[in-house]
Amino acid sequence: MSIPLSWYLVLAAALFCIGLYGVLVRKNAIAILLGVELMLNAVNINLVAFWRYLDPAQMAGQAFAVIVFAVAAAEVAVGLALIISVYRRRKTVVADEIDLMKW
Amino acid sequence: MSFWNDPINFLADWLNGVLTGWGLPAGWATVLVYLVGITVLVVFAMVLDIGLVWVERKVVARFQDRLGPNRLGPFGLIQPFADIIKMVIKEDITPAGADKVLYNIAPVLSAASVIMLWAILPLAANIYGVDLNVGLLYVVAMGALGTLAVIMAGWASNNKYALLGAFRMVANMVAYEIPMVIVLLIPTILAGTMSVIGITEAQRDIWFALLSPLGLIIFMISAIAELGRSPFDLNEAESEIVAGFHIEYTGMKFGWFYAGELLHAFTFGGFAAILFFGGYAGFFGLEKLPAFAWLNLPLVQAFFFILKAMLGYWVIMWVKYSMPRIRIDHMLAFNWKFLVPLSLILLAATAILHKILVVLPTWQYALGMFVANIVIITATIEILRSYGRRQRLAEQRLSPQPVEN
Amino acid sequence: MTAEQIFFLLTAAVILIAALMVVTVRKLLHAALWLVLVLFGVAVLYAILQANFLAVVQLVVYIGAIAILFIFADMLTRRDLRDRPGQTRFNWWVAALLGLAIFVGLLSALLSVPNVNRTPAALPTDTDLVAALGTALVSPQGYVLPFEVASVLLLAALIGAVYLAGVNKKS
């Protein structure tokens, strides 16, 4: 017996929720980005699992996953550059302390 | 199939038969045979590594006009074992404040990233670990794992020099991955596949070194930079940062770093042989003649492959022991301002020419590719010379030299 | 339980445990390294799903670039070389409950896919999957437009990151 599709879906959902927990609960801005990375990986697992199990001849799933790779890399690069830049001015990366624009 | 025609499958079937004869279910027997195969491959790589220690020390000695180790055993062949015993009995110090888990995992990860490369290295047409159809990207991926090991080592040592060395080494490795990826696309275009076996098979008629010599040169440069060997060895510049990211490692942990580096150099010599010199198969069609049919035997192919890999390794050592070290900013500038544009131009030219010339017979195709490479090399040298001349003239205008009579 | 299923369960366990470690450890560097383990597990998953190219690209892009970016950013944004404690909020249980609720919601949505316990469809035997992916990414009837837009996005991110984090900025 092979691996049923539902196992991949459950794994991806669990990884997504763990990432969501990480985003909501961490104070350090870099740790929040780590949670976002977990969520993106969960999405990718879902995409590739559906590609493999439904119709491997159609490349939509894999192509979409490649684009998600590119977007994730771009987002991490810009996000970390922002965090480093904010750190240089405010000497902190705790998300709660970067609140100059709050009312 | 006999042993001489197909050694690995023969042995695997025999072992499978023995295990199922003992009553093991077929699935478990297969898994066990695979595990034995993996162990044999790893042991082969590590035993080769021991031999490489001897080769390295003898070759560096000859380059430096001396004899090298010649007291232990004939020609100093027992020397590596003495080295290993020395390293094993050394005291194993973990620096205070070091991150123990990371500190201990880093050398293992560094050696593992090299041994994993042996999974796709084909010694002969049917002696290989696995035939991945993305083999070349796998090579780059293992380089990425090596980068991670360097960061872990540098950080976990709780030492400023180690951290500095690790930063430099990682900047080096990440920078030179890019021309390596671009240049690895050139055999991909020429062979039509990223699989290492496919690329070797595509070189049965002509070596890719003749089709793309500039690709070979850029591959060797970026390989040497990825290895962290001279002239790119800022991470272990003894006069500057005292052995860089592996300062705090003693005994066998340092032995893992050292052995990993040597095996990495040999593996990249092997990849240069596979990608550009035909690996186990590049005999220019000689093996089709009945008099040379023995060239198709796997063990003969493995012999020729190891010979070519040794030649590639020798070139890497030659460069290491002949050239001075490059400064870190020069190293990075060389990559970003010279190698990356050059490799991109080479890739574009190769791709366009391949599309145009692929319909022609082999020797015209080869001639066209070779001439294009020579044109790019000449143009690059001309641009560099005019740039150098302009710089020299600008400096002379700023600080005029006294004219000698 | 076939060997394949056991292997999948092991990989899934590694991924989930490492992900929990990412969101709970105190030292940020350790969290980044646990993320590396998660990414490696996901790469193994792609290999099981026979998406070879994606598995290797995951290793090169995520572990070789993004994880290293995280580690460097962590090293560059400390006031000193020690870690400050207290990386988690005090009301973390609200987020945990929310996570569980969303997990249940996602499961109910995902498991309502028709024939959710199916086995994998047969792979096409005539084409090489990597070549098919490459063709799909650059053919006009394929996905060349998202591909090109993604490359422009990467260029913008590259220039933006270099500008933002550059050392020549006057503060």
# chains A, B, ... in the order shown; residues from 1 in each chain; ligands from 1
call {"tool": "residues_around", "arguments": {"residues": "region 56-65 of chain A", "least_positions_apart": "2", "cutoff": "12 Å", "atoms": "only C-alpha atoms", "output": "ChimeraX atom specification"}}
result
/A:40-54,67-72 /C:46,49-55,57-58,120-139,141-147,150
call {"tool": "select_by_dssp", "arguments": {"residues": "region 108-206 of chain B", "states": "helix (DSSP H, G or I)", "output": "count of residues only"}}
result
72
call {"tool": "interface_residues", "arguments": {"of": "chain A", "to": "chain C", "cutoff": "7 Å", "atoms": "only C-alpha atoms", "output": "ChimeraX atom specification"}}
result
/A:1-6,9-11,13-15,17-18,20-22,24-28,31,49,52-57,59,63,67,70-71,73-74,76-78,80-82,84-85,87
call {"tool": "write_last_selection", "arguments": {"atoms": "N, CA and C atoms", "output": "compact mmCIF listing (two decimals), in the first residue's frame"}}
result
# COMPACT_ATOMS: atom_id res chain seq x y z
N MET A 1 0.85 -1.20 0.00
CA MET A 1 0.00 0.00 0.00
C MET A 1 0.88 1.24 0.00
N SER A 2 0.50 2.22 -0.74
CA SER A 2 1.33 3.41 -0.86
C SER A 2 0.86 4.46 0.14
N ILE A 3 1.44 5.65 0.06
CA ILE A 3 1.10 6.70 1.01
C ILE A 3 -0.14 7.43 0.50
N PRO A 4 -1.23 7.46 1.27
CA PRO A 4 -2.41 8.18 0.80
C PRO A 4 -2.19 9.68 0.82
N LEU A 5 -2.97 10.38 -0.02
CA LEU A 5 -2.80 11.82 -0.15
C LEU A 5 -3.08 12.54 1.16
N SER A 6 -4.03 11.98 1.94
CA SER A 6 -4.46 12.69 3.15
C SER A 6 -3.30 12.88 4.13
N LEU A 9 -1.60 16.05 3.30
CA LEU A 9 -2.41 17.22 3.61
C LEU A 9 -2.41 17.51 5.10
N VAL A 10 -2.48 16.46 5.91
CA VAL A 10 -2.46 16.66 7.36
C VAL A 10 -1.12 17.25 7.78
N LEU A 11 -0.05 16.70 7.20
CA LEU A 11 1.29 17.22 7.55
C LEU A 11 1.40 18.68 7.19
N ALA A 13 -1.00 20.90 6.83
CA ALA A 13 -1.84 21.72 7.70
C ALA A 13 -1.18 21.91 9.06
N ALA A 14 -0.59 20.83 9.59
CA ALA A 14 0.05 20.95 10.90
C ALA A 14 1.24 21.91 10.83
N LEU A 15 2.04 21.78 9.77
CA LEU A 15 3.20 22.68 9.63
C LEU A 15 2.75 24.12 9.51
N CYS A 17 0.04 25.46 10.75
CA CYS A 17 -0.43 25.98 12.03
C CYS A 17 0.71 26.21 13.00
N ILE A 18 1.74 25.36 12.94
CA ILE A 18 2.90 25.62 13.79
C ILE A 18 3.56 26.93 13.39
N LEU A 20 2.06 29.45 12.01
CA LEU A 20 1.17 30.52 12.43
C LEU A 20 1.36 30.81 13.91
N TYR A 21 1.48 29.77 14.70
CA TYR A 21 1.75 29.94 16.13
C TYR A 21 3.04 30.72 16.33
N GLY A 22 4.07 30.36 15.54
CA GLY A 22 5.34 31.05 15.68
C GLY A 22 5.23 32.53 15.36
N LEU A 24 2.58 34.42 15.68
CA LEU A 24 1.78 35.15 16.65
C LEU A 24 2.47 35.30 17.99
N VAL A 25 3.38 34.38 18.28
CA VAL A 25 3.80 34.28 19.67
C VAL A 25 5.19 34.86 19.92
N ARG A 26 6.00 35.02 18.88
CA ARG A 26 7.38 35.42 19.09
C ARG A 26 7.52 36.93 19.09
N LYS A 27 8.48 37.39 19.91
CA LYS A 27 8.68 38.83 19.99
C LYS A 27 9.72 39.33 19.00
N ASN A 28 10.73 38.52 18.76
CA ASN A 28 11.82 38.93 17.89
C ASN A 28 11.35 38.91 16.44
N ALA A 31 12.43 35.97 14.43
CA ALA A 31 11.72 34.74 14.75
C ALA A 31 10.36 34.71 14.07
N ALA A 49 2.26 17.90 -3.42
CA ALA A 49 1.49 16.67 -3.20
C ALA A 49 0.32 16.60 -4.17
N ARG A 52 1.52 15.68 -7.61
CA ARG A 52 1.91 14.29 -7.82
C ARG A 52 0.71 13.37 -7.86
N TYR A 53 -0.28 13.68 -6.98
CA TYR A 53 -1.36 12.71 -6.82
C TYR A 53 -2.47 12.87 -7.83
N LEU A 54 -2.63 14.10 -8.36
CA LEU A 54 -3.77 14.29 -9.26
C LEU A 54 -3.37 14.09 -10.72
N ASP A 55 -2.38 14.84 -11.18
CA ASP A 55 -2.04 14.75 -12.59
C ASP A 55 -0.57 15.13 -12.80
N PRO A 56 0.36 14.19 -12.71
CA PRO A 56 1.77 14.58 -12.81
C PRO A 56 2.18 15.08 -14.18
N ALA A 57 1.32 14.85 -15.20
CA ALA A 57 1.71 15.31 -16.52
C ALA A 57 1.56 16.81 -16.66
N MET A 59 2.22 20.47 -15.39
CA MET A 59 3.29 21.02 -14.57
C MET A 59 2.86 22.18 -13.70
N ALA A 63 5.37 24.22 -11.22
CA ALA A 63 5.72 25.58 -11.62
C ALA A 63 5.32 26.56 -10.53
N ILE A 67 7.67 29.19 -8.32
CA ILE A 67 7.42 30.62 -8.13
C ILE A 67 7.36 30.94 -6.63
N ALA A 70 10.79 31.39 -5.35
CA ALA A 70 11.38 32.68 -5.70
C ALA A 70 10.81 33.78 -4.81
N VAL A 71 9.48 33.75 -4.61
CA VAL A 71 8.85 34.80 -3.80
C VAL A 71 9.33 34.72 -2.36
N ALA A 73 12.20 33.59 -1.26
CA ALA A 73 13.57 34.09 -1.18
C ALA A 73 13.58 35.62 -1.22
N ALA A 74 12.81 36.20 -2.14
CA ALA A 74 12.78 37.66 -2.24
C ALA A 74 12.26 38.27 -0.95
N VAL A 76 12.26 37.03 2.12
CA VAL A 76 13.20 36.92 3.24
C VAL A 76 14.32 37.92 3.09
N ALA A 77 14.81 38.09 1.86
CA ALA A 77 15.92 39.03 1.66
C ALA A 77 15.50 40.44 2.05
N VAL A 78 14.35 40.87 1.53
CA VAL A 78 13.93 42.25 1.82
C VAL A 78 13.56 42.38 3.30
N LEU A 80 14.70 40.73 5.92
CA LEU A 80 15.87 40.78 6.79
C LEU A 80 16.64 42.07 6.59
N ALA A 81 16.68 42.58 5.36
CA ALA A 81 17.35 43.86 5.15
C ALA A 81 16.62 44.96 5.91
N LEU A 82 15.28 44.92 5.91
CA LEU A 82 14.52 45.90 6.69
C LEU A 82 14.84 45.78 8.17
N ILE A 84 17.50 44.57 9.61
CA ILE A 84 18.85 45.07 9.91
C ILE A 84 18.88 46.58 9.87
N SER A 85 18.17 47.16 8.92
CA SER A 85 18.15 48.61 8.82
C SER A 85 17.48 49.23 10.04
N TYR A 87 17.29 47.86 12.94
CA TYR A 87 18.19 47.65 14.09
C TYR A 87 19.25 48.72 14.16
call {"tool": "atom_distance", "arguments": {"atom1": "CA of Glu287 (chain B)", "atom2": "CA of Pro122 (chain B)"}}
result
18.2 Å
call {"tool": "atom_distance", "arguments": {"atom1": "CA of Ile326 (chain B)", "atom2": "CA of Leu216 (chain B)"}}
result
21.0 Å
call {"tool": "interface_residues", "arguments": {"of": "chain C", "to": "chain B", "cutoff": "6 Å", "atoms": "only C-alpha atoms", "output": "NGL selection string"}}
result
:C and (56 or 59-60 or 64)
call {"tool": "residues_around", "arguments": {"residues": "Val108 (chain B)", "least_positions_apart": "5", "cutoff": "9 Å", "atoms": "only C-alpha atoms", "output": "list of chain:residue names"}}
result
B:Ser113, B:Ala149, B:Lys253, B:Trp256, B:Phe257
call {"tool": "write_last_selection", "arguments": {"atoms": "N, CA and C atoms", "output": "PDB file, in the first residue's frame"}}
result
ATOM      1  N   SER B 113      28.829  16.398   3.997  1.00  0.00           N
ATOM      2  CA  SER B 113      28.448  17.057   2.754  1.00  0.00           C
ATOM      3  C   SER B 113      29.339  16.629   1.609  1.00  0.00           C
ATOM      4  N   ALA B 149      27.902  24.038   7.532  1.00  0.00           N
ATOM      5  CA  ALA B 149      28.837  23.462   8.506  1.00  0.00           C
ATOM      6  C   ALA B 149      29.876  24.498   8.925  1.00  0.00           C
ATOM      7  N   LYS B 253      38.395  15.800  15.536  1.00  0.00           N
ATOM      8  CA  LYS B 253      37.434  16.729  14.948  1.00  0.00           C
ATOM      9  C   LYS B 253      38.106  17.542  13.854  1.00  0.00           C
ATOM     10  N   TRP B 256      38.474  15.434  10.881  1.00  0.00           N
ATOM     11  CA  TRP B 256      37.317  15.374   9.980  1.00  0.00           C
ATOM     12  C   TRP B 256      37.322  16.544   9.024  1.00  0.00           C
ATOM     13  N   PHE B 257      37.622  17.758   9.530  1.00  0.00           N
ATOM     14  CA  PHE B 257      37.674  18.913   8.626  1.00  0.00           C
ATOM     15  C   PHE B 257      38.728  18.709   7.553  1.00  0.00           C
TER      16      PHE B 257
END
call {"tool": "closest_residue", "arguments": {"among": "B:Leu295, B:Ala111, B:Ala349, B:Leu72", "to": "Ile376 (chain B)", "atoms": "only C-alpha atoms"}}
result
B:Ala349
call {"tool": "residues_around", "arguments": {"residues": "region 81-84 of chain B", "least_positions_apart": "4", "cutoff": "8 Å", "atoms": "only C-alpha atoms", "output": "NGL selection string"}}
result
:B and (50 or 88 or 252 or 255)
call {"tool": "write_last_selection", "arguments": {"atoms": "N, CA and C atoms", "output": "PDB file, in the first residue's frame"}}
result
ATOM      1  N   ILE B  50      42.342   8.366   2.914  1.00  0.00           N
ATOM      2  CA  ILE B  50      43.623   8.087   3.578  1.00  0.00           C
ATOM      3  C   ILE B  50      44.741   8.124   2.552  1.00  0.00           C
ATOM      4  N   VAL B  88      43.967  10.780  16.700  1.00  0.00           N
ATOM      5  CA  VAL B  88      43.005  10.117  17.572  1.00  0.00           C
ATOM      6  C   VAL B  88      43.435  10.210  19.021  1.00  0.00           C
ATOM      7  N   MET B 252      40.655  14.523  16.483  1.00  0.00           N
ATOM      8  CA  MET B 252      39.953  13.900  15.367  1.00  0.00           C
ATOM      9  C   MET B 252      38.914  14.825  14.774  1.00  0.00           C
ATOM     10  N   GLY B 255      40.628  16.457  12.358  1.00  0.00           N
ATOM     11  CA  GLY B 255      40.886  15.442  11.341  1.00  0.00           C
ATOM     12  C   GLY B 255      39.724  15.321  10.373  1.00  0.00           C
TER      13      GLY B 255
END
call {"tool": "residues_around", "arguments": {"residues": "Leu184 (chain B)", "least_positions_apart": "5", "cutoff": "12 Å", "atoms": "only C-alpha atoms", "output": "CSV table (one decimal) with N, CA and C atoms, in the first residue's frame"}}
result
chain,number,residue,atom,x,y,z
B,134,VAL,N,18.9,15.2,-11.7
B,134,VAL,CA,19.3,16.5,-11.4
B,134,VAL,C,20.6,16.5,-10.7
B,135,GLY,N,21.5,15.7,-11.2
B,135,GLY,CA,22.8,15.4,-10.5
B,135,GLY,C,23.6,16.7,-10.3
B,136,LEU,N,23.7,17.5,-11.3
B,136,LEU,CA,24.6,18.7,-11.2
B,136,LEU,C,24.1,19.7,-10.1
B,137,LEU,N,22.7,19.8,-10.0
B,137,LEU,CA,22.2,20.7,-9.0
B,137,LEU,C,22.5,20.1,-7.6
B,138,TYR,N,22.5,18.8,-7.5
B,138,TYR,CA,22.8,18.1,-6.3
B,138,TYR,C,24.2,18.5,-5.8
B,139,VAL,N,25.1,18.6,-6.8
B,139,VAL,CA,26.5,19.0,-6.4
B,139,VAL,C,26.5,20.4,-5.7
B,140,VAL,N,25.7,21.3,-6.3
B,140,VAL,CA,25.6,22.7,-5.7
B,140,VAL,C,25.0,22.6,-4.3
B,177,GLU,N,29.4,30.2,-5.6
B,177,GLU,CA,28.4,29.2,-6.1
B,177,GLU,C,27.8,29.6,-7.4
B,178,ILE,N,27.7,31.0,-7.6
B,178,ILE,CA,27.0,31.5,-8.7
B,178,ILE,C,27.7,31.2,-10.1
B,179,PRO,N,29.0,31.5,-10.2
B,179,PRO,CA,29.6,31.1,-11.5
B,179,PRO,C,29.6,29.6,-11.6
B,189,ILE,N,23.8,22.0,-21.3
B,189,ILE,CA,23.3,22.3,-22.6
B,189,ILE,C,24.0,21.4,-23.6
B,190,LEU,N,25.3,21.1,-23.5
B,190,LEU,CA,26.0,20.3,-24.5
B,190,LEU,C,25.5,18.9,-24.5
B,191,ALA,N,25.0,18.4,-23.3
B,191,ALA,CA,24.6,17.0,-23.2
B,191,ALA,C,23.1,16.8,-23.3
B,193,THR,N,21.1,17.0,-20.7
B,193,THR,CA,20.6,16.4,-19.4
B,193,THR,C,21.5,16.9,-18.3
B,194,MET,N,20.8,16.9,-17.1
B,194,MET,CA,21.6,17.3,-15.9
B,194,MET,C,22.2,16.0,-15.2
B,195,SER,N,21.8,14.9,-15.7
B,195,SER,CA,22.2,13.7,-15.1
B,195,SER,C,23.7,13.4,-15.3
B,196,VAL,N,24.4,13.0,-14.3
B,196,VAL,CA,25.9,12.9,-14.4
B,196,VAL,C,26.2,11.8,-15.4
B,199,ILE,N,25.7,13.0,-18.9
B,199,ILE,CA,26.7,13.8,-19.4
B,199,ILE,C,28.0,13.0,-19.8
B,208,PHE,N,34.0,17.3,-23.5
B,208,PHE,CA,33.5,18.7,-23.4
B,208,PHE,C,34.6,19.7,-23.2
B,212,SER,N,34.4,23.3,-24.8
B,212,SER,CA,34.2,24.5,-24.0
B,212,SER,C,35.4,24.7,-23.0
B,215,GLY,N,34.7,27.1,-20.2
B,215,GLY,CA,33.9,26.5,-19.2
B,215,GLY,C,34.7,25.7,-18.2
B,216,LEU,N,35.7,25.0,-18.7
B,216,LEU,CA,36.6,24.2,-17.8
B,216,LEU,C,37.3,25.1,-16.9
B,217,ILE,N,37.9,26.2,-17.5
B,217,ILE,CA,38.7,27.1,-16.6
B,217,ILE,C,37.8,27.7,-15.5
B,218,ILE,N,36.6,28.2,-15.9
B,218,ILE,CA,35.8,28.9,-14.9
B,218,ILE,C,35.4,27.8,-13.9
B,219,PHE,N,35.1,26.6,-14.3
B,219,PHE,CA,34.7,25.6,-13.3
B,219,PHE,C,35.8,25.3,-12.4
B,220,MET,N,37.1,25.2,-12.9
B,220,MET,CA,38.2,25.0,-11.9
B,220,MET,C,38.4,26.1,-11.0
B,222,SER,N,36.1,28.3,-9.9
B,222,SER,CA,35.0,28.3,-8.9
B,222,SER,C,35.1,27.1,-8.0
B,223,ALA,N,35.6,26.0,-8.5
B,223,ALA,CA,35.7,24.8,-7.6
B,223,ALA,C,36.7,25.0,-6.6
B,271,PHE,N,34.7,15.5,-10.6
B,271,PHE,CA,33.7,16.1,-11.3
B,271,PHE,C,34.2,16.9,-12.5
B,272,ALA,N,35.4,17.5,-12.4
B,272,ALA,CA,36.0,18.1,-13.6
B,272,ALA,C,36.3,17.0,-14.6
B,274,ILE,N,34.6,14.2,-15.0
B,274,ILE,CA,33.3,13.7,-15.5
B,274,ILE,C,32.7,14.8,-16.5
B,275,LEU,N,32.7,16.0,-16.0
B,275,LEU,CA,32.0,17.0,-16.8
B,275,LEU,C,32.7,17.5,-18.0
B,276,PHE,N,34.1,17.4,-18.0
B,276,PHE,CA,34.8,18.0,-19.1
B,276,PHE,C,35.8,17.0,-19.8
B,343,SER,N,30.9,34.3,-17.1
B,343,SER,CA,30.2,33.0,-17.2
B,343,SER,C,28.8,33.2,-17.8
B,344,LEU,N,28.2,34.3,-17.5
B,344,LEU,CA,26.9,34.5,-18.2
B,344,LEU,C,27.0,34.7,-19.7
B,346,LEU,N,29.4,33.5,-21.5
B,346,LEU,CA,29.8,32.2,-22.0
B,346,LEU,C,28.5,31.3,-22.2
B,347,LEU,N,27.7,31.3,-21.1
B,347,LEU,CA,26.5,30.5,-21.2
B,347,LEU,C,25.6,30.9,-22.3
call {"tool": "atom_distance", "arguments": {"atom1": "CA of Gly279 (chain B)", "atom2": "CA of Val319 (chain B)"}}
result
21.6 Å
